[in-house]
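K.L.:
First the structure, which I've put down as structure tokens, then a few questions once you've had a look.
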There are 2 protein chains.
Amino acid sequence: MARKSDDSPERISDAEHAIMEALWDHDAPASAQDIFDYVAATRDWSLATVKTLLSRLVTKQAIATQPDGRRFLYTPSIARSDYVGGESRRLVNKLFGGRAASLVAHLAESEALSMDDLTEIEALLKELKQ
Amino acid sequence: MARKSDDSPERISDAEHAIMEALWDHDAPASAQDIFDYVAATRDWSLATVKTLLSRLVTKQAIATQPDGRRFLYTPSIARSDYVGGESRRLVNKLFGGRAASLVAHLAESEALSMDDLTEIEALLKELKQ
DNA sequence: CCTTCATGTTTACAAACGTAATCGATCCAC
DNA sequence: GTGGATCGATTACGTTTGTAAACATGAAGG
């Protein structure tokens, strides 16, 4: 048998990720031009580049298209929080043997967390624990 | 002018990272063969592949060599904890706008943290806070 | 000495990525 | 209806990555 029509969530590259962020943020279906305008602030890309990235994302099934006249509107087909979760997990697996607590420990020890952060997290944990 | 003899810590790829882990773990200077034996457990690589990755890492100045007879011994030139810190920060910047606390929040909410993890982290925080 | 083996170096090659130009079709304004 | 603007699709091209074979060289054994 073997998987034909797929499952494996194709890896999204850095440049592609910038496009995804634009889509997530601008949370209605957006045209290529919209995305281009949006990312122009941060990335110095040509419209052509944005279009290329959009097609690649469509191929990877990370976004979906819907026709709108003679153009397309694009929508993310995965939720940002799922993506973020996946990437976080990847990192935790790769660097902390899958133990998320180790990540937190590392952040804390390396002072990536301010005192305020600590307090905030502590409150959060308290809430989650009960 | 422009930077000649460099600074920017060259990005380490996934495959290269596996080599780094081997070096960090096997914490004496190691030969290519040593690394090969070491990673054989997890990655089905040929010795040639390991050698290629080692040279690339040398080029990227992530590891240093010291001659040992007619071969080389390799040593990481960056500490694992620095690397881990850098990668973690990268992720936090990319996905959480630089706010590490958001990462923790996300892990917690998405139940990437078990009850035990929560307790463990809570204890950790308590310790760090005072 | 000559063969064999170990070792680093060079070269290889396909896939993914970053970045874009070009092409073909369509729509809009004159 | 014609010329320019606008779109998606196709093609391009250099770099990085994954994976390795081929090559050169020196050591070691017989």
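Here, A, B, ... name the chains of the structure tokens in the order displayed, residue numbers run from 1 inside each chain, and ligands are numbered from 1 in the same displayed order.
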I'd like to know which residues of range 28-122 of chain A are strand (DSSP E) (by DSSP, run on the backbone); could you write them as a list in words?

P.N.:
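Checking each residue of range 28-122 of chain A, the strand (DSSP E) ones are Ile63, Ala64, Thr65, Gln66, Pro67, Asp68, Arg71, Phe72, Leu73, Tyr74, Thr75 and Pro76 of chain A.
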
K.L.:
Go through chain A and flag each residue having an atom no more than 12 Å from chain C; for those, report the closest pair of atoms plus their distance in Å to one decimal, using only C-alpha atoms (C1' of nucleotides), ordered by chain and rising number, as CSV.

P.N.:
residue,atom,partner,partner_atom,distance
A:Glu10,CA,C:DA16,C1',11.7
A:Arg11,CA,C:DA16,C1',10.3
A:Ile12,CA,C:DC17,C1',10.5
A:Ser13,CA,C:DC17,C1',7.5
A:Asp14,CA,C:DC17,C1',9.0
A:Ala15,CA,C:DG18,C1',7.6
A:Glu16,CA,C:DC17,C1',9.7
A:Arg43,CA,C:DT19,C1',11.7
A:Asp44,CA,C:DT19,C1',10.4
A:Trp45,CA,C:DT19,C1',7.9
A:Ser46,CA,C:DA20,C1',7.4
A:Leu47,CA,C:DA20,C1',9.0
A:Ala48,CA,C:DA20,C1',6.3
A:Thr49,CA,C:DA20,C1',6.1
A:Val50,CA,C:DT19,C1',9.5
A:Lys51,CA,C:DA20,C1',10.2
A:Thr52,CA,C:DA20,C1',8.9
A:Leu53,CA,C:DG18,C1',9.6
A:Arg56,CA,C:DC17,C1',10.7
A:Gly69,CA,C:DC27,C1',10.2
A:Arg70,CA,C:DT26,C1',7.5
A:Arg71,CA,C:DT26,C1',10.3

K.L.:
Please report as a VMD selection string which residues of chain D come no farther than 12 Å from chain B, using only C-alpha atoms (C1' of nucleotides).

P.N.:
chain D and resid 16 to 22 25 to 27

K.L.:
Please produce a file of the residues just selected, as a PDB file, in the first residue's frame, where the atoms kept are C-alpha atoms (C1' of nucleotides).

P.N.:
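Result file result32.pdb:
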ATOM      1  C1'  DT D  16      23.022  25.161   0.792  1.00  0.00           C
ATOM      2  C1'  DT D  17      22.116  20.611   2.252  1.00  0.00           C
ATOM      3  C1'  DG D  18      22.140  15.525   2.279  1.00  0.00           C
ATOM      4  C1'  DT D  19      24.555  11.901   0.826  1.00  0.00           C
ATOM      5  C1'  DA D  20      28.430   9.857  -1.053  1.00  0.00           C
ATOM      6  C1'  DA D  21      32.199   8.185  -4.462  1.00  0.00           C
ATOM      7  C1'  DA D  22      36.840   9.023  -6.182  1.00  0.00           C
ATOM      8  C1'  DT D  25      48.923  10.255   0.382  1.00  0.00           C
ATOM      9  C1'  DG D  26      51.158   8.333   3.958  1.00  0.00           C
ATOM     10  C1'  DA D  27      51.657   4.385   7.341  1.00  0.00           C
TER      11       DA D  27
END

K.L.:
Contacts from chain A to chain B, 8 Å maximum, only C-alpha atoms: show me the residue list as a list of chain:residue names.

P.N.:
A:Val84, A:Gly85, A:Ser88, A:Arg89, A:Leu91, A:Leu95, A:Ala100, A:Ala101, A:Val104, A:Ala105, A:His106, A:Leu107, A:Ala108, A:Ser110, A:Ala112, A:Leu113, A:Met115, A:Asp117, A:Leu118, A:Glu120, A:Ile121, A:Glu122, A:Leu124, A:Leu125, A:Leu128, A:Lys129

K.L.:
Least-squares align chain B to chain A using all Cα atoms paired by position, then dump the moved coordinates as a CSV table (one decimal) with N, CA and C atoms, in the first residue's frame.

P.N.:
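result.csv, written as the output of this step:
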chain,number,residue,atom,x,y,z
B,1,MET,N,1.9,-0.4,-2.3
B,1,MET,CA,1.0,0.6,-1.9
B,1,MET,C,1.7,1.9,-1.7
B,2,ALA,N,2.0,2.2,-0.4
B,2,ALA,CA,2.6,3.4,0.0
B,2,ALA,C,1.7,4.6,-0.1
B,3,ARG,N,1.9,5.5,0.8
B,3,ARG,CA,1.0,6.7,0.8
B,3,ARG,C,1.0,7.5,-0.5
B,4,LYS,N,-0.1,7.6,-1.1
B,4,LYS,CA,-0.2,8.3,-2.3
B,4,LYS,C,-0.7,9.8,-2.1
B,5,SER,N,-1.9,9.9,-1.8
B,5,SER,CA,-2.4,11.3,-1.4
B,5,SER,C,-2.2,11.5,0.1
B,6,ASP,N,-1.3,12.2,0.3
B,6,ASP,CA,-0.3,12.3,1.3
B,6,ASP,C,-0.8,12.6,2.8
B,7,ASP,N,0.2,12.7,3.6
B,7,ASP,CA,-0.1,13.1,5.0
B,7,ASP,C,1.0,14.0,5.6
B,8,SER,N,2.2,13.5,5.5
B,8,SER,CA,3.4,14.2,6.1
B,8,SER,C,3.3,15.7,5.9
B,9,PRO,N,3.2,16.5,7.0
B,9,PRO,CA,3.1,17.9,6.8
B,9,PRO,C,4.5,18.5,6.4
B,10,GLU,N,4.6,18.8,5.1
B,10,GLU,CA,5.8,19.3,4.5
B,10,GLU,C,6.4,20.4,5.3
B,11,ARG,N,7.7,20.4,5.4
B,11,ARG,CA,8.4,21.4,6.1
B,11,ARG,C,8.3,22.8,5.4
B,12,ILE,N,8.1,23.8,6.3
B,12,ILE,CA,8.0,25.2,5.7
B,12,ILE,C,9.3,25.9,6.0
B,13,SER,N,9.9,26.5,4.9
B,13,SER,CA,11.1,27.2,5.1
B,13,SER,C,11.0,28.5,5.7
B,14,ASP,N,12.1,29.2,6.0
B,14,ASP,CA,12.1,30.5,6.7
B,14,ASP,C,11.3,31.5,5.9
B,15,ALA,N,11.7,31.6,4.6
B,15,ALA,CA,11.1,32.6,3.8
B,15,ALA,C,9.6,32.3,3.7
B,16,GLU,N,9.2,31.1,3.5
B,16,GLU,CA,7.8,30.7,3.4
B,16,GLU,C,7.1,31.1,4.7
B,17,HIS,N,7.8,30.9,5.8
B,17,HIS,CA,7.2,31.2,7.1
B,17,HIS,C,6.7,32.6,7.2
B,18,ALA,N,7.6,33.5,6.6
B,18,ALA,CA,7.2,34.9,6.6
B,18,ALA,C,5.9,35.2,5.9
B,19,ILE,N,5.7,34.4,4.8
B,19,ILE,CA,4.4,34.5,4.1
B,19,ILE,C,3.3,34.0,5.0
B,20,MET,N,3.5,32.9,5.6
B,20,MET,CA,2.5,32.4,6.5
B,20,MET,C,2.1,33.4,7.6
B,21,GLU,N,3.1,34.0,8.2
B,21,GLU,CA,2.8,35.0,9.2
B,21,GLU,C,1.9,36.1,8.6
B,22,ALA,N,2.2,36.5,7.4
B,22,ALA,CA,1.4,37.6,6.8
B,22,ALA,C,0.0,37.1,6.7
B,23,LEU,N,-0.2,35.9,6.2
B,23,LEU,CA,-1.5,35.4,6.0
B,23,LEU,C,-2.3,35.2,7.4
B,24,TRP,N,-1.6,34.7,8.4
B,24,TRP,CA,-2.2,34.6,9.6
B,24,TRP,C,-2.6,35.9,10.2
B,25,ASP,N,-1.8,36.8,10.1
B,25,ASP,CA,-2.0,38.1,10.7
B,25,ASP,C,-3.2,38.9,10.0
B,26,HIS,N,-3.1,38.9,8.7
B,26,HIS,CA,-4.1,39.6,7.9
B,26,HIS,C,-5.3,38.6,7.7
B,27,ASP,N,-6.0,38.4,8.8
B,27,ASP,CA,-6.8,37.2,8.8
B,27,ASP,C,-8.0,37.0,7.9
B,28,ALA,N,-8.0,37.6,6.8
B,28,ALA,CA,-9.0,37.3,5.8
B,28,ALA,C,-8.2,36.7,4.6
B,29,PRO,N,-8.9,36.0,3.7
B,29,PRO,CA,-8.2,35.6,2.5
B,29,PRO,C,-7.5,36.7,1.8
B,30,ALA,N,-6.3,36.6,1.4
B,30,ALA,CA,-5.5,37.7,0.9
B,30,ALA,C,-5.0,37.3,-0.5
B,31,SER,N,-4.8,38.4,-1.3
B,31,SER,CA,-4.3,38.2,-2.6
B,31,SER,C,-2.7,38.3,-2.5
B,32,ALA,N,-2.1,37.9,-3.6
B,32,ALA,CA,-0.6,38.0,-3.7
B,32,ALA,C,-0.2,39.4,-3.4
B,33,GLN,N,-0.9,40.3,-4.0
B,33,GLN,CA,-0.6,41.7,-3.8
B,33,GLN,C,-0.7,42.1,-2.4
B,34,ASP,N,-1.7,41.7,-1.7
B,34,ASP,CA,-1.9,42.0,-0.3
B,34,ASP,C,-0.7,41.5,0.5
B,35,ILE,N,-0.3,40.3,0.3
B,35,ILE,CA,0.8,39.7,1.0
B,35,ILE,C,2.1,40.5,0.7
B,36,PHE,N,2.2,40.9,-0.6
B,36,PHE,CA,3.4,41.6,-1.0
B,36,PHE,C,3.4,42.9,-0.2
B,37,ASP,N,2.3,43.7,-0.2
B,37,ASP,CA,2.3,44.9,0.6
B,37,ASP,C,2.6,44.7,2.0
B,38,TYR,N,2.0,43.6,2.5
B,38,TYR,CA,2.2,43.3,3.9
B,38,TYR,C,3.7,43.0,4.3
B,39,VAL,N,4.3,42.2,3.6
B,39,VAL,CA,5.7,41.8,4.0
B,39,VAL,C,6.7,42.9,3.5
B,40,ALA,N,6.3,43.8,2.7
B,40,ALA,CA,7.2,44.8,2.2
B,40,ALA,C,7.9,45.5,3.4
B,41,ALA,N,7.1,45.6,4.5
B,41,ALA,CA,7.6,46.3,5.7
B,41,ALA,C,8.9,45.6,6.2
B,42,THR,N,8.9,44.3,6.2
B,42,THR,CA,10.1,43.6,6.8
B,42,THR,C,11.0,43.0,5.8
B,43,ARG,N,10.5,42.5,4.7
B,43,ARG,CA,11.4,41.8,3.8
B,43,ARG,C,11.4,42.6,2.4
B,44,ASP,N,12.6,42.7,1.9
B,44,ASP,CA,12.7,43.5,0.7
B,44,ASP,C,12.6,42.6,-0.5
B,45,TRP,N,11.4,42.1,-0.7
B,45,TRP,CA,11.2,41.1,-1.8
B,45,TRP,C,10.5,41.7,-2.9
B,46,SER,N,10.7,41.2,-4.1
B,46,SER,CA,9.9,41.6,-5.3
B,46,SER,C,8.6,40.8,-5.2
B,47,LEU,N,7.6,41.3,-6.0
B,47,LEU,CA,6.3,40.7,-6.1
B,47,LEU,C,6.5,39.2,-6.6
B,48,ALA,N,7.4,39.1,-7.5
B,48,ALA,CA,7.7,37.8,-8.1
B,48,ALA,C,8.1,36.8,-7.0
B,49,THR,N,8.9,37.2,-6.1
B,49,THR,CA,9.4,36.3,-5.0
B,49,THR,C,8.2,35.9,-4.2
B,50,VAL,N,7.4,36.9,-3.9
B,50,VAL,CA,6.2,36.5,-3.0
B,50,VAL,C,5.3,35.5,-3.8
B,51,LYS,N,5.2,35.7,-5.1
B,51,LYS,CA,4.4,34.7,-5.8
B,51,LYS,C,5.0,33.3,-5.8
B,52,THR,N,6.3,33.3,-6.0
B,52,THR,CA,7.0,32.0,-5.9
B,52,THR,C,6.7,31.3,-4.6
B,53,LEU,N,6.9,32.0,-3.5
B,53,LEU,CA,6.7,31.5,-2.2
B,53,LEU,C,5.3,31.0,-2.0
B,54,LEU,N,4.3,31.8,-2.5
B,54,LEU,CA,2.9,31.4,-2.4
B,54,LEU,C,2.7,30.0,-3.1
B,55,SER,N,3.2,29.9,-4.3
B,55,SER,CA,3.0,28.6,-5.0
B,55,SER,C,3.6,27.5,-4.3
B,56,ARG,N,4.8,27.7,-3.8
B,56,ARG,CA,5.4,26.6,-3.0
B,56,ARG,C,4.6,26.2,-1.8
B,57,LEU,N,4.0,27.2,-1.2
B,57,LEU,CA,3.2,26.9,0.0
B,57,LEU,C,1.9,26.1,-0.4
B,58,VAL,N,1.4,26.5,-1.6
B,58,VAL,CA,0.2,25.8,-2.1
B,58,VAL,C,0.6,24.3,-2.4
B,59,THR,N,1.8,24.1,-3.0
B,59,THR,CA,2.2,22.8,-3.3
B,59,THR,C,2.4,22.0,-2.0
B,60,LYS,N,2.9,22.6,-1.0
B,60,LYS,CA,3.1,22.0,0.3
B,60,LYS,C,1.8,21.8,1.1
B,61,GLN,N,0.8,22.3,0.5
B,61,GLN,CA,-0.6,22.3,1.1
B,61,GLN,C,-0.6,23.0,2.5
B,62,ALA,N,0.2,24.0,2.6
B,62,ALA,CA,0.1,24.8,3.8
B,62,ALA,C,-0.9,25.9,3.7
B,63,ILE,N,-1.2,26.3,2.4
B,63,ILE,CA,-2.2,27.3,2.2
B,63,ILE,C,-3.2,26.8,1.1
B,64,ALA,N,-4.4,27.3,1.1
B,64,ALA,CA,-5.4,26.9,0.1
B,64,ALA,C,-5.8,28.2,-0.7
B,65,THR,N,-6.2,27.9,-1.9
B,65,THR,CA,-6.6,29.0,-2.8
B,65,THR,C,-8.1,29.0,-3.0
B,66,GLN,N,-8.6,30.2,-3.3
B,66,GLN,CA,-10.0,30.3,-3.8
B,66,GLN,C,-10.0,31.3,-4.8
B,67,PRO,N,-10.6,31.0,-6.0
B,67,PRO,CA,-10.6,32.0,-7.1
B,67,PRO,C,-11.4,33.2,-6.8
B,68,ASP,N,-10.9,34.3,-7.2
B,68,ASP,CA,-11.6,35.6,-7.0
B,68,ASP,C,-11.4,36.4,-8.3
B,69,GLY,N,-12.4,36.2,-9.2
B,69,GLY,CA,-12.2,36.8,-10.5
B,69,GLY,C,-11.0,36.1,-11.2
B,70,ARG,N,-10.1,36.9,-11.8
B,70,ARG,CA,-9.0,36.2,-12.5
B,70,ARG,C,-7.8,36.0,-11.6
B,71,ARG,N,-8.0,36.2,-10.3
B,71,ARG,CA,-6.8,36.0,-9.4
B,71,ARG,C,-7.2,35.0,-8.3
B,72,PHE,N,-6.3,34.8,-7.4
B,72,PHE,CA,-6.6,33.9,-6.3
B,72,PHE,C,-6.5,34.6,-5.0
B,73,LEU,N,-7.3,34.1,-4.0
B,73,LEU,CA,-7.1,34.6,-2.7
B,73,LEU,C,-6.6,33.4,-1.9
B,74,TYR,N,-5.7,33.7,-1.0
B,74,TYR,CA,-5.0,32.6,-0.3
B,74,TYR,C,-5.4,32.6,1.2
B,75,THR,N,-5.5,31.4,1.7
B,75,THR,CA,-5.8,31.3,3.1
B,75,THR,C,-4.9,30.2,3.7
B,76,PRO,N,-4.5,30.4,4.9
B,76,PRO,CA,-3.7,29.3,5.6
B,76,PRO,C,-4.5,28.1,5.7
B,77,SER,N,-4.0,26.9,5.5
B,77,SER,CA,-4.8,25.7,5.7
B,77,SER,C,-4.3,25.1,7.0
B,78,ILE,N,-3.4,25.6,7.7
B,78,ILE,CA,-3.0,25.2,9.0
B,78,ILE,C,-3.1,26.3,9.9
B,79,ALA,N,-3.5,26.1,11.2
B,79,ALA,CA,-3.6,27.2,12.1
B,79,ALA,C,-2.3,27.5,12.7
B,80,ARG,N,-2.1,28.8,12.9
B,80,ARG,CA,-0.8,29.2,13.4
B,80,ARG,C,-0.4,28.5,14.7
B,81,SER,N,-1.4,28.3,15.5
B,81,SER,CA,-1.0,27.7,16.8
B,81,SER,C,-0.6,26.2,16.6
B,82,ASP,N,-1.1,25.6,15.6
B,82,ASP,CA,-0.7,24.2,15.3
B,82,ASP,C,0.8,24.2,14.8
B,83,TYR,N,1.0,25.2,13.9
B,83,TYR,CA,2.3,25.3,13.4
B,83,TYR,C,3.3,25.6,14.5
B,84,VAL,N,3.0,26.6,15.3
B,84,VAL,CA,3.9,26.9,16.4
B,84,VAL,C,4.1,25.8,17.3
B,85,GLY,N,3.1,25.0,17.6
B,85,GLY,CA,3.2,23.9,18.4
B,85,GLY,C,4.1,22.9,17.8
B,86,GLY,N,4.0,22.6,16.5
B,86,GLY,CA,4.8,21.6,15.9
B,86,GLY,C,6.3,22.0,15.9
B,87,GLU,N,6.5,23.3,15.6
B,87,GLU,CA,7.9,23.8,15.6
B,87,GLU,C,8.5,23.7,17.0
B,88,SER,N,7.7,24.1,17.9
B,88,SER,CA,8.2,24.1,19.3
B,88,SER,C,8.6,22.6,19.7
B,89,ARG,N,7.7,21.7,19.3
B,89,ARG,CA,8.0,20.3,19.7
B,89,ARG,C,9.2,19.8,19.0
B,90,ARG,N,9.4,20.2,17.7
B,90,ARG,CA,10.6,19.9,17.0
B,90,ARG,C,11.8,20.3,17.7
B,91,LEU,N,11.8,21.5,18.2
B,91,LEU,CA,13.0,22.0,18.9
B,91,LEU,C,13.2,21.3,20.2
B,92,VAL,N,12.1,21.1,20.9
B,92,VAL,CA,12.3,20.3,22.1
B,92,VAL,C,12.8,18.9,21.9
B,93,ASN,N,12.3,18.3,20.9
B,93,ASN,CA,12.8,17.0,20.6
B,93,ASN,C,14.3,17.0,20.2
B,94,LYS,N,14.6,17.9,19.3
B,94,LYS,CA,16.0,18.0,18.8
B,94,LYS,C,17.0,18.3,19.9
B,95,LEU,N,16.6,19.3,20.7
B,95,LEU,CA,17.6,19.8,21.7
B,95,LEU,C,17.5,19.4,23.1
B,96,PHE,N,16.3,18.9,23.5
B,96,PHE,CA,16.0,18.6,24.9
B,96,PHE,C,15.5,17.2,25.1
B,97,GLY,N,15.7,16.4,24.1
B,97,GLY,CA,15.3,15.0,24.3
B,97,GLY,C,13.8,14.9,24.5
B,98,GLY,N,13.0,15.8,24.0
B,98,GLY,CA,11.6,15.8,24.1
B,98,GLY,C,11.0,16.3,25.4
B,99,ARG,N,12.0,16.7,26.3
B,99,ARG,CA,11.5,17.2,27.6
B,99,ARG,C,11.3,18.7,27.6
B,100,ALA,N,10.1,19.1,27.5
B,100,ALA,CA,9.8,20.6,27.4
B,100,ALA,C,10.3,21.3,28.7
B,101,ALA,N,10.2,20.6,29.8
B,101,ALA,CA,10.6,21.2,31.0
B,101,ALA,C,12.1,21.6,31.0
B,102,SER,N,12.9,20.8,30.3
B,102,SER,CA,14.3,21.2,30.1
B,102,SER,C,14.5,22.5,29.4
B,103,LEU,N,13.6,22.7,28.4
B,103,LEU,CA,13.7,23.9,27.7
B,103,LEU,C,13.5,25.1,28.6
B,104,VAL,N,12.4,25.0,29.3
B,104,VAL,CA,12.1,26.1,30.3
B,104,VAL,C,13.3,26.3,31.3
B,105,ALA,N,13.8,25.2,31.7
B,105,ALA,CA,14.9,25.3,32.7
B,105,ALA,C,16.1,26.0,32.0
B,106,HIS,N,16.3,25.6,30.8
B,106,HIS,CA,17.4,26.3,30.1
B,106,HIS,C,17.2,27.8,29.9
B,107,LEU,N,16.0,28.1,29.5
B,107,LEU,CA,15.7,29.5,29.3
B,107,LEU,C,15.9,30.3,30.6
B,108,ALA,N,15.4,29.7,31.7
B,108,ALA,CA,15.5,30.3,33.0
B,108,ALA,C,17.0,30.5,33.4
B,109,GLU,N,17.7,29.4,33.3
B,109,GLU,CA,19.1,29.5,33.7
B,109,GLU,C,20.0,30.5,32.9
B,110,SER,N,19.6,30.5,31.6
B,110,SER,CA,20.4,31.3,30.7
B,110,SER,C,19.9,32.8,30.7
B,111,GLU,N,19.1,33.0,31.6
B,111,GLU,CA,18.6,34.4,31.8
B,111,GLU,C,17.9,34.9,30.6
B,112,ALA,N,17.3,34.0,29.8
B,112,ALA,CA,16.5,34.5,28.7
B,112,ALA,C,15.2,35.0,29.2
B,113,LEU,N,15.0,34.7,30.5
B,113,LEU,CA,13.7,35.1,31.2
B,113,LEU,C,14.0,36.2,32.2
B,114,SER,N,13.3,37.3,32.0
B,114,SER,CA,13.5,38.4,33.0
B,114,SER,C,12.7,38.1,34.3
B,115,MET,N,13.0,38.9,35.3
B,115,MET,CA,12.2,38.7,36.5
B,115,MET,C,10.7,38.8,36.2
B,116,ASP,N,10.3,39.7,35.4
B,116,ASP,CA,8.9,39.8,35.0
B,116,ASP,C,8.4,38.6,34.4
B,117,ASP,N,9.2,38.0,33.5
B,117,ASP,CA,8.8,36.8,32.8
B,117,ASP,C,8.6,35.7,33.8
B,118,LEU,N,9.5,35.6,34.7
B,118,LEU,CA,9.4,34.6,35.8
B,118,LEU,C,8.1,34.7,36.5
B,119,THR,N,7.8,35.9,36.9
B,119,THR,CA,6.6,36.2,37.7
B,119,THR,C,5.4,35.8,36.8
B,120,GLU,N,5.4,36.2,35.6
B,120,GLU,CA,4.3,36.0,34.7
B,120,GLU,C,4.1,34.4,34.5
B,121,ILE,N,5.1,33.8,34.3
B,121,ILE,CA,5.0,32.3,34.1
B,121,ILE,C,4.5,31.6,35.4
B,122,GLU,N,5.1,32.1,36.5
B,122,GLU,CA,4.7,31.5,37.7
B,122,GLU,C,3.1,31.6,37.9
B,123,ALA,N,2.6,32.8,37.6
B,123,ALA,CA,1.2,33.0,37.7
B,123,ALA,C,0.5,32.0,36.8
B,124,LEU,N,1.0,32.0,35.6
B,124,LEU,CA,0.4,31.1,34.6
B,124,LEU,C,0.3,29.6,35.1
B,125,LEU,N,1.4,29.2,35.6
B,125,LEU,CA,1.5,27.8,36.1
B,125,LEU,C,0.5,27.6,37.2
B,126,LYS,N,0.5,28.5,38.1
B,126,LYS,CA,-0.5,28.4,39.2
B,126,LYS,C,-1.9,28.2,38.7
B,127,GLU,N,-2.2,28.9,37.7
B,127,GLU,CA,-3.5,28.8,37.1
B,127,GLU,C,-3.8,27.5,36.5
B,128,LEU,N,-2.7,27.0,35.8
B,128,LEU,CA,-2.9,25.8,35.0
B,128,LEU,C,-2.9,24.6,36.0
B,129,LYS,N,-2.3,24.7,37.1
B,129,LYS,CA,-2.1,23.6,37.9
B,129,LYS,C,-3.4,23.2,38.7
B,130,GLN,N,-4.3,24.1,38.8
B,130,GLN,CA,-5.5,23.7,39.5
B,130,GLN,C,-6.7,23.3,38.6
